[in-house]
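Shown next: upload_28.cif, containing mmCIF, C-alpha atoms.
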```cif
data_coords
#
loop_
_atom_site.group_PDB
_atom_site.id
_atom_site.type_symbol
_atom_site.label_atom_id
_atom_site.label_comp_id
_atom_site.auth_asym_id
_atom_site.auth_seq_id
_atom_site.Cartn_x
_atom_site.Cartn_y
_atom_site.Cartn_z
ATOM 1 C CA MET A 1 2.080 -20.757 14.542
ATOM 2 C CA ASN A 2 1.693 -18.327 17.463
ATOM 3 C CA ARG A 3 5.471 -18.272 17.899
ATOM 4 C CA LEU A 4 5.918 -17.434 14.205
ATOM 5 C CA ILE A 5 3.331 -14.657 14.451
ATOM 6 C CA GLU A 6 5.061 -13.243 17.522
ATOM 7 C CA LYS A 7 8.390 -13.280 15.666
ATOM 8 C CA GLU A 8 6.869 -11.370 12.719
ATOM 9 C CA ARG A 9 5.258 -8.923 15.121
ATOM 10 C CA THR A 10 8.565 -8.288 16.888
ATOM 11 C CA ARG A 11 10.348 -7.790 13.561
ATOM 12 C CA SER A 12 7.733 -5.286 12.351
ATOM 13 C CA ILE A 13 7.841 -3.327 15.623
ATOM 14 C CA LEU A 14 11.648 -3.096 15.396
ATOM 15 C CA ALA A 15 11.384 -1.841 11.795
ATOM 16 C CA ILE A 16 8.854 0.804 12.845
ATOM 17 C CA LYS A 17 11.029 1.891 15.784
ATOM 18 C CA ILE A 18 14.007 2.460 13.473
ATOM 19 C CA LEU A 19 12.121 3.933 10.523
ATOM 20 C CA LEU A 20 10.247 6.395 12.733
ATOM 21 C CA PHE A 21 13.431 8.418 13.104
ATOM 22 C CA SER A 22 13.012 9.310 9.431
ATOM 23 C CA ALA A 23 10.485 11.826 10.804
ATOM 24 C CA SER A 24 13.472 13.954 11.853
ATOM 25 C CA VAL A 25 15.956 12.850 9.170
ATOM 26 C CA ILE A 26 13.712 13.627 6.166
ATOM 27 C CA PRO A 27 13.063 17.263 7.244
ATOM 28 C CA ALA A 28 16.819 17.728 7.733
ATOM 29 C CA LEU A 29 17.510 16.173 4.315
ATOM 30 C CA VAL A 30 14.998 18.319 2.430
ATOM 31 C CA ALA A 31 15.962 21.484 4.335
ATOM 32 C CA GLY A 32 19.576 20.724 3.476
ATOM 33 C CA ALA A 33 18.689 20.338 -0.203
ATOM 34 C CA LEU A 34 16.843 23.679 -0.148
ATOM 35 C CA ALA A 35 19.799 25.410 1.515
ATOM 36 C CA TYR A 36 22.587 23.652 -0.383
ATOM 37 C CA ASP A 37 23.215 26.470 -2.892
ATOM 38 C CA HIS A 38 22.958 29.187 -0.253
ATOM 39 C CA PRO A 39 26.296 30.937 0.425
ATOM 40 C CA GLN A 40 25.961 30.266 4.157
ATOM 41 C CA PHE A 41 25.492 26.502 3.815
ATOM 42 C CA ARG A 42 28.039 24.466 5.800
ATOM 43 C CA TRP A 43 28.231 20.679 6.059
ATOM 44 C CA ILE A 44 28.953 20.863 9.786
ATOM 45 C CA ALA A 45 25.752 22.866 10.223
ATOM 46 C CA PHE A 46 23.788 20.273 8.232
ATOM 47 C CA ILE A 47 25.160 17.450 10.401
ATOM 48 C CA LEU A 48 24.296 19.365 13.572
ATOM 49 C CA VAL A 49 20.788 20.168 12.319
ATOM 50 C CA THR A 50 20.193 16.480 11.612
ATOM 51 C CA ALA A 51 21.587 15.505 15.013
ATOM 52 C CA GLY A 52 19.531 18.189 16.741
ATOM 53 C CA LEU A 53 16.247 17.081 15.189
ATOM 54 C CA PHE A 54 17.093 13.437 15.884
ATOM 55 C CA LEU A 55 17.887 14.141 19.543
ATOM 56 C CA GLY A 56 14.708 16.188 19.924
ATOM 57 C CA GLN A 57 12.635 13.288 18.625
ATOM 58 C CA ALA A 58 14.495 10.853 20.892
ATOM 59 C CA ALA A 59 13.852 13.106 23.901
ATOM 60 C CA GLY A 60 10.147 13.153 23.077
ATOM 61 C CA ASP A 61 10.139 9.342 22.885
ATOM 62 C CA TYR A 62 11.820 8.975 26.269
ATOM 63 C CA PHE A 63 9.495 11.471 27.960
ATOM 64 C CA TYR A 64 6.463 9.849 26.355
ATOM 65 C CA TYR A 65 7.541 6.437 27.599
ATOM 66 C CA TYR A 66 8.183 7.747 31.113
ATOM 67 C CA PHE A 67 5.051 9.851 31.511
ATOM 68 C CA THR A 68 2.714 7.137 30.214
ATOM 69 C CA GLY A 69 3.965 4.818 32.949
ATOM 70 C CA TYR A 70 6.193 2.862 30.546
ATOM 71 C CA HIS A 71 3.300 2.607 28.057
ATOM 72 C CA SER A 72 0.778 1.404 30.624
ATOM 73 C CA HIS A 73 -1.557 4.419 30.340
ATOM 74 C CA THR A 74 -5.004 3.397 29.111
ATOM 75 C CA GLY A 75 -5.024 6.186 26.540
ATOM 76 C CA ASP A 76 -1.866 4.880 24.874
ATOM 77 C CA SER A 77 -2.227 2.405 21.987
ATOM 78 C CA HIS A 78 1.184 0.929 22.859
ATOM 79 C CA THR A 79 -0.517 -0.928 25.712
ATOM 80 C CA LYS A 80 -1.946 -3.388 23.176
ATOM 81 C CA ILE A 81 -0.704 -3.300 19.599
ATOM 82 C CA PHE A 82 2.806 -2.187 20.500
ATOM 83 C CA ALA A 83 3.042 -4.125 23.761
ATOM 84 C CA GLY A 84 6.710 -4.297 24.666
ATOM 85 C CA TRP A 85 7.604 -1.174 22.660
ATOM 86 C CA LYS A 86 10.484 0.673 24.264
ATOM 87 C CA PRO A 87 12.596 3.659 23.181
ATOM 88 C CA LEU A 88 16.144 3.098 21.977
ATOM 89 C CA PHE A 89 18.492 1.472 24.537
ATOM 90 C CA ILE A 90 15.787 0.844 27.146
ATOM 91 C CA ASP A 91 16.327 -2.626 28.637
ATOM 92 C CA THR A 92 19.716 -2.881 26.945
ATOM 93 C CA LEU A 93 21.857 0.016 28.199
ATOM 94 C CA LEU A 94 19.137 1.733 30.226
ATOM 95 C CA ARG A 95 16.407 0.717 32.657
ATOM 96 C CA PRO A 96 12.820 1.927 32.101
ATOM 97 C CA LYS A 97 13.097 4.297 35.059
ATOM 98 C CA ASP A 98 16.160 5.875 33.395
ATOM 99 C CA SER A 99 14.005 7.112 30.483
ATOM 100 C CA LEU A 100 13.383 10.487 32.163
ATOM 101 C CA ALA A 101 17.122 11.067 32.584
ATOM 102 C CA ALA A 102 17.733 9.899 29.004
ATOM 103 C CA GLY A 103 15.239 12.463 27.688
ATOM 104 C CA ILE A 104 16.894 15.215 29.711
ATOM 105 C CA ILE A 105 20.337 14.203 28.423
ATOM 106 C CA CYS A 106 19.044 14.417 24.832
ATOM 107 C CA LEU A 107 17.817 17.954 25.490
ATOM 108 C CA VAL A 108 21.146 18.898 27.112
ATOM 109 C CA LEU A 109 22.980 17.666 24.004
ATOM 110 C CA ASP A 110 20.554 19.709 21.893
ATOM 111 C CA LEU A 111 21.385 22.697 24.089
ATOM 112 C CA LEU A 112 25.082 22.267 23.275
ATOM 113 C CA ILE A 113 24.231 22.177 19.564
ATOM 114 C CA LEU A 114 22.126 25.303 20.086
ATOM 115 C CA VAL A 115 25.108 27.109 21.638
ATOM 116 C CA TRP A 116 27.111 26.409 18.472
ATOM 117 C CA PHE A 117 24.340 27.848 16.294
ATOM 118 C CA ILE A 118 24.001 30.916 18.520
ATOM 119 C CA THR A 119 27.710 31.675 18.070
ATOM 120 C CA TRP A 120 27.226 31.307 14.311
ATOM 121 C CA LEU A 121 23.795 32.860 13.690
ATOM 122 C CA GLY A 122 23.056 34.861 16.810
ATOM 123 C CA ALA A 123 20.177 34.641 19.278
ATOM 124 C CA GLY A 124 17.467 34.612 16.599
ATOM 125 C CA ILE A 125 17.375 30.829 16.692
ATOM 126 C CA LEU A 126 16.518 30.710 20.400
ATOM 127 C CA TRP A 127 12.751 30.933 19.978
ATOM 128 C CA LEU A 128 12.733 28.045 17.484
ATOM 129 C CA ALA A 129 14.756 25.928 19.899
ATOM 130 C CA ALA A 130 12.373 26.834 22.736
ATOM 131 C CA ILE A 131 9.371 25.675 20.693
ATOM 132 C CA GLY A 132 11.118 22.392 19.889
ATOM 133 C CA ALA A 133 11.966 21.776 23.554
ATOM 134 C CA ALA A 134 8.374 22.544 24.563
ATOM 135 C CA VAL A 135 7.077 20.015 22.030
ATOM 136 C CA ALA A 136 9.373 17.306 23.427
ATOM 137 C CA LEU A 137 8.360 18.076 27.018
ATOM 138 C CA PHE A 138 4.610 18.501 26.528
ATOM 139 C CA PHE A 139 3.916 15.985 23.761
ATOM 140 C CA THR A 140 2.496 13.403 26.186
ATOM 141 C CA PRO A 141 -0.280 15.529 27.768
ATOM 142 C CA VAL A 142 -1.186 16.990 24.363
ATOM 143 C CA MET A 143 -1.378 13.503 22.804
ATOM 144 C CA LEU A 144 -3.472 12.115 25.663
ATOM 145 C CA ARG A 145 -5.944 14.961 25.116
ATOM 146 C CA GLY A 146 -6.500 13.849 21.530
ATOM 147 C CA TYR A 147 -4.302 16.320 19.642
ATOM 148 C CA LYS A 148 -1.605 13.915 18.529
ATOM 149 C CA GLU A 149 -2.123 14.253 14.765
ATOM 150 C CA PRO A 150 -2.119 18.092 14.598
ATOM 151 C CA LEU A 151 0.997 18.200 16.792
ATOM 152 C CA ILE A 152 2.795 15.611 14.662
ATOM 153 C CA PHE A 153 1.808 17.499 11.482
ATOM 154 C CA ILE A 154 3.200 20.812 12.747
ATOM 155 C CA THR A 155 6.291 19.405 14.471
ATOM 156 C CA PHE A 156 7.649 17.190 11.703
ATOM 157 C CA GLY A 157 6.321 19.416 8.939
ATOM 158 C CA PRO A 158 6.495 23.234 9.058
ATOM 159 C CA LEU A 159 8.401 23.545 12.362
ATOM 160 C CA SER A 160 11.237 21.110 11.533
ATOM 161 C CA PHE A 161 11.626 22.318 7.939
ATOM 162 C CA PHE A 162 11.480 26.000 8.896
ATOM 163 C CA ALA A 163 13.909 25.604 11.798
ATOM 164 C CA GLY A 164 16.263 23.438 9.754
ATOM 165 C CA TYR A 165 16.346 25.904 6.869
ATOM 166 C CA TYR A 166 16.898 28.854 9.186
ATOM 167 C CA ALA A 167 19.731 27.068 10.987
ATOM 168 C CA LEU A 168 21.428 26.405 7.631
ATOM 169 C CA THR A 169 20.919 29.816 6.047
ATOM 170 C CA GLY A 170 20.156 32.329 8.792
ATOM 171 C CA GLU A 171 17.074 33.375 6.806
ATOM 172 C CA PHE A 172 13.360 33.178 7.587
ATOM 173 C CA ALA A 173 11.570 31.959 4.468
ATOM 174 C CA LEU A 174 8.199 30.659 3.316
ATOM 175 C CA LEU A 175 9.748 28.108 0.936
ATOM 176 C CA PRO A 176 10.614 25.405 3.528
ATOM 177 C CA VAL A 177 7.141 25.719 5.071
ATOM 178 C CA VAL A 178 5.430 25.089 1.721
ATOM 179 C CA VAL A 179 7.775 22.246 0.818
ATOM 180 C CA SER A 180 7.170 20.657 4.238
ATOM 181 C CA ILE A 181 3.452 20.074 3.663
ATOM 182 C CA PRO A 182 3.698 16.708 1.797
ATOM 183 C CA THR A 183 5.963 15.247 4.485
ATOM 184 C CA ALA A 184 3.675 16.642 7.189
ATOM 185 C CA PHE A 185 0.708 14.777 5.692
ATOM 186 C CA PHE A 186 2.696 11.569 5.214
ATOM 187 C CA ILE A 187 3.957 11.496 8.805
ATOM 188 C CA THR A 188 0.448 12.254 10.031
ATOM 189 C CA VAL A 189 -0.756 9.132 8.198
ATOM 190 C CA VAL A 190 1.933 7.175 10.044
ATOM 191 C CA ALA A 191 0.832 8.690 13.363
ATOM 192 C CA TYR A 192 -2.795 7.859 12.611
ATOM 193 C CA LEU A 193 -2.027 4.233 11.785
ATOM 194 C CA LYS A 194 0.366 3.869 14.709
ATOM 195 C CA GLY A 195 -2.264 5.189 17.104
ATOM 196 C CA ALA A 196 -4.822 2.486 16.328
ATOM 197 C CA HIS A 197 -6.523 0.520 19.087
ATOM 198 C CA TYR A 198 -8.182 -2.840 18.653
ATOM 199 C CA LYS A 199 -10.391 -5.434 20.258
ATOM 200 C CA THR A 200 -10.145 -9.168 19.730
ATOM 201 C CA LYS A 201 -12.407 -10.778 17.157
ATOM 202 C CA GLY A 202 -13.005 -13.816 19.318
ATOM 203 C CA GLU A 203 -11.279 -16.202 21.650
ATOM 204 C CA GLY A 204 -8.500 -18.036 19.852
ATOM 205 C CA SER A 205 -8.892 -15.914 16.703
ATOM 206 C CA GLU A 206 -5.877 -14.247 15.096
ATOM 207 C CA LEU A 207 -8.158 -11.530 13.711
ATOM 208 C CA VAL A 208 -8.713 -8.246 15.532
ATOM 209 C CA ILE A 209 -11.105 -5.356 14.923
ATOM 210 C CA LEU A 210 -9.165 -2.109 14.394
ATOM 211 C CA ASN A 211 -10.514 1.388 14.927
ATOM 212 C CA ILE A 212 -9.027 2.381 11.560
ATOM 213 C CA ASN A 213 -10.937 4.714 9.255
ATOM 214 C CA ARG A 214 -9.616 3.960 5.778
ATOM 215 C CA THR A 215 -11.213 7.125 4.380
ATOM 216 C CA HIS A 216 -9.398 9.284 6.923
ATOM 217 C CA ALA A 217 -6.019 7.826 5.956
ATOM 218 C CA ALA A 218 -6.880 8.141 2.242
ATOM 219 C CA VAL A 219 -7.793 11.831 2.594
ATOM 220 C CA LEU A 220 -4.476 12.577 4.310
ATOM 221 C CA LEU A 221 -2.579 10.830 1.502
ATOM 222 C CA VAL A 222 -4.574 12.640 -1.193
ATOM 223 C CA PHE A 223 -3.716 15.976 0.427
ATOM 224 C CA ALA A 224 -0.050 14.950 0.536
ATOM 225 C CA TYR A 225 0.036 14.354 -3.214
ATOM 226 C CA LEU A 226 -2.082 17.420 -3.996
ATOM 227 C CA SER A 227 0.380 19.536 -2.014
ATOM 228 C CA ILE A 228 3.225 18.253 -4.199
ATOM 229 C CA ILE A 229 1.273 19.238 -7.307
ATOM 230 C CA ALA A 230 0.382 22.642 -5.823
ATOM 231 C CA SER A 231 4.035 23.307 -4.909
ATOM 232 C CA VAL A 232 4.982 22.700 -8.551
ATOM 233 C CA VAL A 233 2.082 24.732 -9.970
ATOM 234 C CA PHE A 234 2.953 27.747 -7.802
ATOM 235 C CA GLY A 235 6.677 27.478 -8.512
ATOM 236 C CA TYR A 236 7.974 26.372 -5.127
ATOM 237 C CA LEU A 237 9.244 23.100 -6.582
ATOM 238 C CA ALA A 238 10.474 22.288 -10.087
ATOM 239 C CA PRO A 239 8.268 20.059 -12.301
ATOM 240 C CA LEU A 240 10.706 17.205 -11.722
ATOM 241 C CA ALA A 241 9.317 16.987 -8.172
ATOM 242 C CA LEU A 242 6.203 15.406 -9.667
ATOM 243 C CA LEU A 243 8.254 12.216 -9.689
ATOM 244 C CA GLY A 244 7.184 12.007 -6.061
ATOM 245 C CA LEU A 245 3.734 11.038 -7.287
ATOM 246 C CA ILE A 246 5.039 7.592 -8.224
ATOM 247 C CA THR A 247 4.638 6.602 -4.576
ATOM 248 C CA GLY A 248 0.906 7.093 -5.101
ATOM 249 C CA LEU A 249 0.584 3.510 -6.357
ATOM 250 C CA PRO A 250 1.961 1.858 -3.200
ATOM 251 C CA ALA A 251 -0.058 4.387 -1.190
ATOM 252 C CA LEU A 252 -3.210 3.221 -2.989
ATOM 253 C CA LEU A 253 -2.318 -0.390 -2.270
ATOM 254 C CA LEU A 254 -1.741 0.557 1.360
ATOM 255 C CA ILE A 255 -5.212 2.091 1.650
ATOM 256 C CA ARG A 256 -6.792 -0.948 0.028
ATOM 257 C CA SER A 257 -5.017 -3.183 2.538
ATOM 258 C CA LEU A 258 -6.503 -1.387 5.551
ATOM 259 C CA ARG A 259 -9.418 -3.347 6.891
ATOM 260 C CA LYS A 260 -11.295 -3.119 10.143
ATOM 261 C CA GLU A 261 -10.789 -6.844 10.577
ATOM 262 C CA SER A 262 -7.125 -7.733 10.271
ATOM 263 C CA THR A 263 -4.256 -9.497 11.969
ATOM 264 C CA ILE A 264 -1.828 -7.572 14.164
ATOM 265 C CA VAL A 265 1.086 -8.532 11.888
ATOM 266 C CA HIS A 266 -0.763 -7.332 8.768
ATOM 267 C CA TYR A 267 -1.572 -4.021 10.463
ATOM 268 C CA LEU A 268 2.020 -3.522 11.631
ATOM 269 C CA LYS A 269 3.339 -4.191 8.129
ATOM 270 C CA ALA A 270 0.914 -1.583 6.757
ATOM 271 C CA THR A 271 2.416 0.896 9.223
ATOM 272 C CA VAL A 272 5.917 0.002 8.000
ATOM 273 C CA TYR A 273 4.803 0.614 4.399
ATOM 274 C CA SER A 274 3.394 4.034 5.319
ATOM 275 C CA LEU A 275 6.818 4.982 6.682
ATOM 276 C CA LEU A 276 8.587 3.722 3.560
ATOM 277 C CA ILE A 277 6.223 5.777 1.369
ATOM 278 C CA MET A 278 7.044 8.907 3.377
ATOM 279 C CA ILE A 279 10.788 8.238 3.195
ATOM 280 C CA LEU A 280 10.824 7.521 -0.532
ATOM 281 C CA THR A 281 8.752 10.602 -1.371
ATOM 282 C CA GLY A 282 10.968 12.788 0.823
ATOM 283 C CA VAL A 283 14.142 11.468 -0.801
ATOM 284 C CA ILE A 284 12.676 12.073 -4.286
ATOM 285 C CA ILE A 285 11.747 15.660 -3.379
ATOM 286 C CA ALA A 286 15.193 16.328 -1.891
ATOM 287 C CA GLY A 287 16.871 14.798 -4.950
ATOM 288 C CA THR A 288 14.846 16.858 -7.425
ATOM 289 C CA ILE A 289 15.648 20.050 -5.482
ATOM 290 C CA LEU A 290 19.366 19.306 -5.746
ATOM 291 C CA LEU A 291 19.117 18.445 -9.429
ATOM 292 C CA THR A 292 17.152 21.520 -10.413
ATOM 293 C CA ASP A 293 18.791 24.235 -8.272
#
```

Represent the structure from my file as structure tokens, please.
Amino acid sequence: MNRLIEKERTRSILAIKILLFSASVIPALVAGALAYDHPQFRWIAFILVTAGLFLGQAAGDYFYYYFTGYHSHTGDSHTKIFAGWKPLFIDTLLRPKDSLAAGIICLVLDLLILVWFITWLGAGILWLAAIGAAVALFFTPVMLRGYKEPLIFITFGPLSFFAGYYALTGEFALLPVVVSIPTAFFITVVAYLKGAHYKTKGEGSELVILNINRTHAAVLLVFAYLSIIASVVFGYLAPLALLGLITGLPALLLIRSLRKESTIVHYLKATVYSLLIMILTGVIIAGTILLTD
């Protein structure tokens, strides 16, 4: 039985590792949908924006892994629930000690993408790129000081959407910031769940006691759906975007499934579901933008 549980745990961790990159792909997708009808929109720019956000997230992962002593820092939840978690290619193509170099290489590749955008848009994009690089470099000390959720909210919400839209259109606008708020709340729920710690229920027991506050997660989800409604009411999104509310049912089921006493596998699957809810809602919003523009 323990071997089966370990197999399920490994499968869930792999799914989370892959799906987490939706935190950079969804902002690029929605920003692309917002900019699609703009005269300056270019597919090559959209591809580079997506790659740039992806590489920035990967750099943050590598630096986080390196500066928490390969996830051995006591303030890092990976030391228990996500034991064995490693960034992409670590222990396959790269050694753990190579993670610092891998993060730097990701930022260098982002710098090359930035050069392309500077030749196209001018130097106005430099300050956005500088903020993104600072987030990747300083995420670890900020997280370890207890500010993980606000940083995740801003980075994968307003900052990514705003920067992505600007890179595609050359225009500073409020629209991508407003439209980013649902995704920002959804990814913050993921960060909250992923950051859980636990203690064992008892020797030989498969149950653990999680430091999960179901009300906290529920409030974040409620604000995510309210922000969709508000965006429609104030005209930032077309009424068709209310289709995104259909993910409210699985979100409700997710909240009901969160218990202080749970198994590690059950908790990890709940984290996977939170990612799928974010992805599905983001795709619906991007689709409705394209259909109604």

Counting all atoms listed in the file, what is within 12 Å of stretch 99-110 of chain A, bar same-chain residues fewer than 5 positions away, as a PDB file with C-alpha atoms, keeping the file's coordinate frame?
```pdb
ATOM      1  CA  LEU A  48      24.296  19.365  13.572  1.00  0.00           C
ATOM      2  CA  VAL A  49      20.788  20.168  12.319  1.00  0.00           C
ATOM      3  CA  THR A  50      20.193  16.480  11.612  1.00  0.00           C
ATOM      4  CA  ALA A  51      21.587  15.505  15.013  1.00  0.00           C
ATOM      5  CA  GLY A  52      19.531  18.189  16.741  1.00  0.00           C
ATOM      6  CA  LEU A  53      16.247  17.081  15.189  1.00  0.00           C
ATOM      7  CA  PHE A  54      17.093  13.437  15.884  1.00  0.00           C
ATOM      8  CA  LEU A  55      17.887  14.141  19.543  1.00  0.00           C
ATOM      9  CA  GLY A  56      14.708  16.188  19.924  1.00  0.00           C
ATOM     10  CA  GLN A  57      12.635  13.288  18.625  1.00  0.00           C
ATOM     11  CA  ALA A  58      14.495  10.853  20.892  1.00  0.00           C
ATOM     12  CA  ALA A  59      13.852  13.106  23.901  1.00  0.00           C
ATOM     13  CA  GLY A  60      10.147  13.153  23.077  1.00  0.00           C
ATOM     14  CA  ASP A  61      10.139   9.342  22.885  1.00  0.00           C
ATOM     15  CA  TYR A  62      11.820   8.975  26.269  1.00  0.00           C
ATOM     16  CA  PHE A  63       9.495  11.471  27.960  1.00  0.00           C
ATOM     17  CA  TYR A  64       6.463   9.849  26.355  1.00  0.00           C
ATOM     18  CA  TYR A  65       7.541   6.437  27.599  1.00  0.00           C
ATOM     19  CA  TYR A  66       8.183   7.747  31.113  1.00  0.00           C
ATOM     20  CA  PHE A  67       5.051   9.851  31.511  1.00  0.00           C
ATOM     21  CA  THR A  68       2.714   7.137  30.214  1.00  0.00           C
ATOM     22  CA  GLY A  69       3.965   4.818  32.949  1.00  0.00           C
ATOM     23  CA  TYR A  70       6.193   2.862  30.546  1.00  0.00           C
ATOM     24  CA  HIS A  71       3.300   2.607  28.057  1.00  0.00           C
ATOM     25  CA  LYS A  86      10.484   0.673  24.264  1.00  0.00           C
ATOM     26  CA  PRO A  87      12.596   3.659  23.181  1.00  0.00           C
ATOM     27  CA  LEU A  88      16.144   3.098  21.977  1.00  0.00           C
ATOM     28  CA  PHE A  89      18.492   1.472  24.537  1.00  0.00           C
ATOM     29  CA  ILE A  90      15.787   0.844  27.146  1.00  0.00           C
ATOM     30  CA  ASP A  91      16.327  -2.626  28.637  1.00  0.00           C
ATOM     31  CA  LEU A  93      21.857   0.016  28.199  1.00  0.00           C
ATOM     32  CA  LEU A  94      19.137   1.733  30.226  1.00  0.00           C
ATOM     33  CA  VAL A 115      25.108  27.109  21.638  1.00  0.00           C
ATOM     34  CA  TRP A 116      27.111  26.409  18.472  1.00  0.00           C
ATOM     35  CA  PHE A 117      24.340  27.848  16.294  1.00  0.00           C
ATOM     36  CA  LEU A 126      16.518  30.710  20.400  1.00  0.00           C
ATOM     37  CA  ALA A 129      14.756  25.928  19.899  1.00  0.00           C
ATOM     38  CA  ALA A 130      12.373  26.834  22.736  1.00  0.00           C
ATOM     39  CA  GLY A 132      11.118  22.392  19.889  1.00  0.00           C
ATOM     40  CA  ALA A 133      11.966  21.776  23.554  1.00  0.00           C
ATOM     41  CA  ALA A 134       8.374  22.544  24.563  1.00  0.00           C
ATOM     42  CA  VAL A 135       7.077  20.015  22.030  1.00  0.00           C
ATOM     43  CA  ALA A 136       9.373  17.306  23.427  1.00  0.00           C
ATOM     44  CA  LEU A 137       8.360  18.076  27.018  1.00  0.00           C
TER      45      LEU A 137
END
```

Legend entry - Selection result of the PyMOL selection byres ((chain A and resi 165) around 12) on this file, as a ChimeraX atom specification: /A:27-38,40-42,45-46,49-50,125,128,158-164,166-177,179-180

Can you report as JSON the centre and edge lengths in Å, to one decimal, of an axis-aligned box around the listed atoms of stretch 165-184 of chain A padded with 3 Å on each side?
```
{"center_x": 12.4, "center_y": 24.3, "center_z": 5.9, "size_x": 24.0, "size_y": 24.1, "size_z": 16.2}
```

Legend entry - Polymer residues at most 9 Å from A:Leu193, all atoms listed in the file, same-chain spacing of 6 or more positions, as a ChimeraX atom specification: /A:212,217,267-268,270-271,274

Legend entry - Closest of A:Leu221, A:Ala184, A:Val178, A:Ile255 to A:Gly157 - atom-to-atom distances counting only C-alpha atoms: A:Ala184

Legend entry - Selection result of the PyMOL selection byres ((chain A and resi 287) around 12) on this file, as a PyMOL selection string: chain A and resi 26+29-34+36+237-238+240-244+280-286+288-293

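Comparing A:Leu249, A:Phe185, A:Leu144, A:Thr200 by their smallest distance to A:Thr74, the closest is A:Leu144 (using only C-alpha atoms).
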
Inset, instruction - Report as a PyMOL selection string the residues that result from applying the PyMOL selection byres ((chain A and resi 253) around 12) to the structure here. - result: chain A and resi 214+218+221+247-252+254-259+270+273-274+277
